[in-house]
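**Q** One structure coming up, written as structure tokens, with questions to follow.
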Amino acid sequence: MSSLPVFLTAAGASPSPSPSGTAPAVPTLQDAQDSATNAASWVEENWSTWLAMGLQILLIIVVAVALRAVVRRAITKLIERMARTAQAVDGTALGGLLVNAERRRQRSAAIGSVLRSVASFLILGTAALMVLSTFKINLAPLLASAGVAGVAIGFGARNLVTDFLSGVFMILEDQYGVGDVIDAGVATGEVIEVGLRVTKLRGSDGEIWYVRNGEVKRIGNLSQGWATAGVDVTVRAGEDLDRVKATLDEVAEKMSKEEPWNELLWGPIEVLGLDSVLIDSMVVRLSAKTMPGKSVTVERELRWRVKRAFDAASIRIVGGATAVEDVEDAPDPTAAVAAPSAFSNADSPQSAAATPITTQRTAPPRK
């Protein structure tokens with residue numbers, strides 16, 4: 001629209017007067033030429049600055065992308081090397097029992113994901129700040145606002161942050177993994193999935209527990225290292241201790257040599273001796289070091305074998321803290337009780353005969 005007066009002026013036509021009577025200032029051709037000259041000179045003076053800024057921004061982006069790719073590749077190689085080192089342990093007898101393939105895979109994937117995400121955030125965030133500083137933008141208010149917003153978000157989502165950080169440290173420290181049986185305080189079961197925020201457990205009755213990592217204050221791992229199988233055998237106080245010990249030693253030696261118990265047992269079954277002595281019973285304790293998670297299986301088999309061996313040796317197992325030694329020899333509790341008397345029944349003939357005759361009062365004659 002502004003080019004029309006210029007064209008009319010150049011053609012010799014005078015513009016129509018304004019309603020107010022004052023003619024507006026009409027730019028001339030010389031003014032347009034001066035504006036174009038000024039714009040060209042401004043561009044000519046600043047193009048070198050723009051070119052330098054563009055090259056600087058391009059260099060920052062290229063370096064950031066290249067550095068991010070190199071760091072992510074290095075992290076991936078490191079995780080793969082850790083996995084290969086764990087796979088080398090599989091050749092040993094102990095390594096095959098303690099290292100779970102799914103556990104290694106999930107742990108490596110989680111650690112790699114966390115490290116790659118942190119590296120990408122740091123590199124790209126630093127590159128973005130450098131690009132903004134190239135445009136001569138004051139970053140102090142921006143960083144201050146980001147800090148305040150981060151504190152507000154962290155305070156509002158403190159449970160989420162706590163769960164995430166707890167999950168990261170649990171994975172890095174390898175406190176537990178897939179296949180482990182753990183006692184997390186709030187729930188107990190087998191670990192079926194380990195996440196950065198939630199751990200999934202399979203309970204003994206088949207239920208699935210979703211445990212937030214931030215709620216776990218202590219962890220009891222029943223699948224790391226080795227487990228202990230303990231069996232208490234209660235016998236009568238009059239049994240021969242030497243014969244009891246010899247029978248238990250025979251059961252322990254035989255079980256340790258048979259398959260598959262010789263693989264589940266990581267040490268000899270020991271007869272620890274008397275655990276407690278009561279008036280009419282005594283408790284003998286057996287203990288053995290077993291494969292992780294197999295202590296209950298070993299305890300059940302050991303009780304089965306001890307019961308059969310004691311039956312063959314005529315050694316009686318009693319139950320409870322204080323058990324009656326011989327039920328058949330115990331006195332009959334009703335023997336000292338007298339037979340019920342016939343006089344206890346008010347309707348019996350004996351009771352009626354013993355009841356005194358009451359005098360019946362005659363009514364007075366009517367007048």
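Note on naming: chains are A, B, ... as they come in the structure tokens, residues start from 1 per chain, ligands start from 1 in the order shown.
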Using DSSP on the backbone, list every residue of stretch 66-206 of chain A that comes out as helix (DSSP H, G or I), and give them as an MDAnalysis selection string.
**A** chainID A and resid 66:91 93:98 101:134 139:156 158:172
**Q** Report as a tab-separated table the residues of stretch 222-249 of chain A within 8 Å of stretch 261-280 of chain A, each with its shortest atom pair and distance in Å (one decimal), using only C-alpha atoms, ordered by chain and increasing residue number.
**A**
residue	atom	partner	partner_atom	distance
A:Arg236	CA	A:Asp280	CA	6.1
A:Ala237	CA	A:Asp280	CA	5.0
A:Gly238	CA	A:Asp280	CA	7.8
A:Lys245	CA	A:Val271	CA	7.3
A:Leu248	CA	A:Val271	CA	7.2
A:Asp249	CA	A:Val271	CA	7.1
**Q** If you run DSSP on the backbone here, which positions in stretch 80-317 of chain A get strand (DSSP E or B)? Please write them as an MDAnalysis selection string.
**A** chainID A and resid 181:183 188:194 198:202 208:212 220:221 227:236 265 270:277 281:290 317
**Q** For A:Ala227, work out the shell of residues within 9 Å, counting only C-alpha atoms and skipping chain neighbours fewer than 3 positions away, then give it as a ChimeraX atom specification.
**A** /A:222-224,288-295
**Q** Just how far from atom CA of A:Ala127 is atom CA of A:Ile60, in Å to one decimal?
**A**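 Between these atoms lies a distance of 6.3 Å.
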**Q** For A:Thr297, which residue out of A:Leu51, A:Ala229, A:Ile79, A:Ala119 is the nearest one, using only C-alpha atoms?
**A**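 Smallest distance to A:Thr297 is found for A:Ala229.
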